[in-house]
Amino acid sequence: RKEVEQDPGPFNVPEGATVAFNCTYSNSASQSFFWYRQDCRKEPKLLMSVYSSGNEDGRFTAQLNRASQYISLLIRDSKLSDSATYLCVVWGYGGSQGNLIFGKGTKLSVKP
Amino acid sequence: NAGVTQTPKFQVLKTGQSMTLQCAQDMNHNSMYWYRQDPGMGLRLIYYSASEGTTDKGEVPNGYNVSRLNKREFSLRLESAAPSQTSVYFCASKGEGSYNEQFFGPGTRLTVL
């Protein structure tokens, strides 16, 4: 089983749609969870961290289920500018030497 | 603050040539990283440095060497480039704490002919 798995997509949705991305991770000792966004030919940038209680930032909602080792990202009212690849990222196997493990990303294309 | 800077932005090498990719950060971060990103493979960690003076191998270290010159700078060297090293290389840095953001440089697009 791969360490961090995501549906590669692409997800093609119309403006205004709600879209959900899912991610599973294999190491139950993982400590921190993130969603990064990567635009075409650009570097990844942090979109939001994912906390155990779930968290929301405007149109974006992230949830974590530690028991199922599952992370989700919900985007409401999609905008053209949301078109990008969304990377699920997991950190930590205990101690300070843990590193970020990146999923391969889910590509989103929002159409007019 | 410039964040994380990388040079060069683009490079074309012939098989067997050597080169060094430079990375610097101005955020006073202890941890720095080198990744490569290939289509369909996602980001893969080549080497990382948890602090000045220390370096450790990541998932795909073969064919690369690194130097943590000081707290700001972390360079990646290809001693004898191979076509399999054609990729986009990202440098990143991260502050302490499990929820601190990892900041990436703009990347170096390397082609080995």
# chains A, B, ... in the order shown; residues from 1 in each chain; ligands from 1
call {"tool": "residues_around", "arguments": {"residues": "Phe33 of chain A", "least_positions_apart": "2", "cutoff": "7 Å", "atoms": "only C-alpha atoms", "output": "compact mmCIF listing (two decimals) with all heavy atoms, in the first residue's frame"}}
result
# COMPACT_ATOMS: atom_id res chain seq x y z
N GLN A 31 1.47 12.39 12.17
CA GLN A 31 1.07 13.36 13.19
C GLN A 31 0.34 14.57 12.64
O GLN A 31 -0.51 15.14 13.32
CB GLN A 31 2.33 13.84 13.93
CG GLN A 31 3.06 12.74 14.66
CD GLN A 31 4.32 13.24 15.33
OE1 GLN A 31 4.54 14.44 15.44
NE2 GLN A 31 5.16 12.33 15.75
N SER A 49 -3.94 23.48 6.70
CA SER A 49 -3.64 22.34 7.56
C SER A 49 -4.94 21.62 7.89
O SER A 49 -6.02 22.19 7.76
CB SER A 49 -2.96 22.82 8.84
OG SER A 49 -1.81 23.56 8.55
N VAL A 50 -4.83 20.38 8.30
CA VAL A 50 -6.01 19.58 8.60
C VAL A 50 -5.93 19.15 10.06
O VAL A 50 -5.02 18.42 10.44
CB VAL A 50 -6.10 18.33 7.70
CG1 VAL A 50 -7.43 17.61 7.93
CG2 VAL A 50 -5.94 18.70 6.25
N VAL A 89 -0.85 15.83 1.96
CA VAL A 89 0.48 15.73 2.54
C VAL A 89 0.38 15.28 4.00
O VAL A 89 -0.43 15.80 4.76
CB VAL A 89 1.21 17.09 2.46
CG1 VAL A 89 2.65 16.95 2.95
CG2 VAL A 89 1.18 17.63 1.04
N VAL A 90 1.24 14.35 4.35
CA VAL A 90 1.23 13.78 5.70
C VAL A 90 2.62 13.92 6.28
O VAL A 90 3.62 13.74 5.58
CB VAL A 90 0.82 12.29 5.62
CG1 VAL A 90 0.97 11.61 6.97
CG2 VAL A 90 -0.60 12.17 5.11
N TRP A 91 2.69 14.24 7.56
CA TRP A 91 3.99 14.44 8.21
C TRP A 91 4.11 13.66 9.49
O TRP A 91 3.17 13.60 10.27
CB TRP A 91 4.17 15.93 8.53
CG TRP A 91 5.54 16.26 9.07
CD1 TRP A 91 6.67 16.49 8.36
CD2 TRP A 91 5.90 16.38 10.45
NE1 TRP A 91 7.71 16.76 9.20
CE2 TRP A 91 7.29 16.71 10.49
CE3 TRP A 91 5.22 16.25 11.65
CZ2 TRP A 91 7.98 16.91 11.68
CZ3 TRP A 91 5.91 16.46 12.84
CH2 TRP A 91 7.27 16.78 12.85
call {"tool": "interface_residues", "arguments": {"of": "chain B", "to": "chain A", "cutoff": "12 Å", "atoms": "only C-alpha atoms", "output": "PyMOL selection string"}}
result
chain B and resi 4-6+9+30-51+54-59+87-109
call {"tool": "atom_distance", "arguments": {"atom1": "atom CA of Asp57 of chain A", "atom2": "atom CA of Leu74 of chain A"}}
result
10.4 Å
call {"tool": "closest_residue", "arguments": {"among": "A:Ser53, A:Val110, A:Cys88, A:Ser28", "to": "Val4 of chain A", "atoms": "only C-alpha atoms"}}
result
A:Cys88
call {"tool": "select_by_dssp", "arguments": {"residues": "chain B", "states": "strand (DSSP E)", "output": "ChimeraX atom specification"}}
result
/B:4-7,10-13,19-25,31-38,42-49,56-57,64-68,74-78,87-94,102-104,108-112
call {"tool": "closest_residue", "arguments": {"among": "A:Asn22, A:Ser30, A:Asn12, A:Gln6", "to": "Gln63 of chain A", "atoms": "only C-alpha atoms"}}
result
A:Asn22
call {"tool": "atom_distance", "arguments": {"atom1": "atom CA of Gly63 of chain B", "atom2": "atom CA of Ser75 of chain B"}}
result
14.0 Å
call {"tool": "residues_around", "arguments": {"residues": "Ser68 of chain A", "least_positions_apart": "2", "cutoff": "12 Å", "atoms": "only C-alpha atoms", "output": "number ranges by chain"}}
result
A: 22-28, 63-66, 70-72
call {"tool": "closest_residue", "arguments": {"among": "A:Asn55, A:Gln38, A:Gln69, A:Thr106", "to": "Ala20 of chain A", "atoms": "only C-alpha atoms"}}
result
A:Thr106
call {"tool": "residues_around", "arguments": {"residues": "Cys40 of chain A", "least_positions_apart": "4", "cutoff": "10 Å", "atoms": "only C-alpha atoms", "output": "list in words"}}
result
Pro44, Ser83, Ala84, Thr85 and Lys107 of chain A
call {"tool": "write_last_selection", "arguments": {"atoms": "all heavy atoms", "output": "tab-separated table (two decimals), in the first residue's frame"}}
result
chain	number	residue	atom	x	y	z
A	44	PRO	N	4.57	23.96	-5.12
A	44	PRO	CA	3.44	23.73	-4.22
A	44	PRO	C	3.38	24.82	-3.15
A	44	PRO	O	4.41	25.32	-2.69
A	44	PRO	CB	3.76	22.37	-3.57
A	44	PRO	CG	4.78	21.75	-4.46
A	44	PRO	CD	5.57	22.88	-5.05
A	83	SER	N	-8.74	26.04	-10.27
A	83	SER	CA	-8.10	25.04	-11.14
A	83	SER	C	-6.63	24.90	-10.77
A	83	SER	O	-5.87	25.87	-10.82
A	83	SER	CB	-8.24	25.44	-12.61
A	83	SER	OG	-9.59	25.47	-13.00
A	84	ALA	N	-6.26	23.69	-10.39
A	84	ALA	CA	-4.89	23.42	-9.91
A	84	ALA	C	-4.82	21.94	-9.58
A	84	ALA	O	-5.81	21.21	-9.70
A	84	ALA	CB	-4.56	24.25	-8.67
A	85	THR	N	-3.66	21.52	-9.13
A	85	THR	CA	-3.51	20.17	-8.58
A	85	THR	C	-3.44	20.28	-7.06
A	85	THR	O	-2.70	21.12	-6.53
A	85	THR	CB	-2.25	19.49	-9.13
A	85	THR	OG1	-2.39	19.33	-10.54
A	85	THR	CG2	-2.04	18.11	-8.49
A	107	LYS	N	-5.90	16.49	-9.84
A	107	LYS	CA	-6.02	17.66	-10.70
A	107	LYS	C	-7.48	18.11	-10.80
A	107	LYS	O	-8.36	17.29	-11.05
A	107	LYS	CB	-5.47	17.34	-12.09
A	107	LYS	CG	-5.42	18.54	-13.02
A	107	LYS	CD	-4.70	18.22	-14.30
A	107	LYS	CE	-4.61	19.46	-15.18
A	107	LYS	NZ	-3.88	19.19	-16.45
call {"tool": "atom_distance", "arguments": {"atom1": "atom CA of Ser80 of chain B", "atom2": "atom CA of Arg68 of chain B"}}
result
20.2 Å
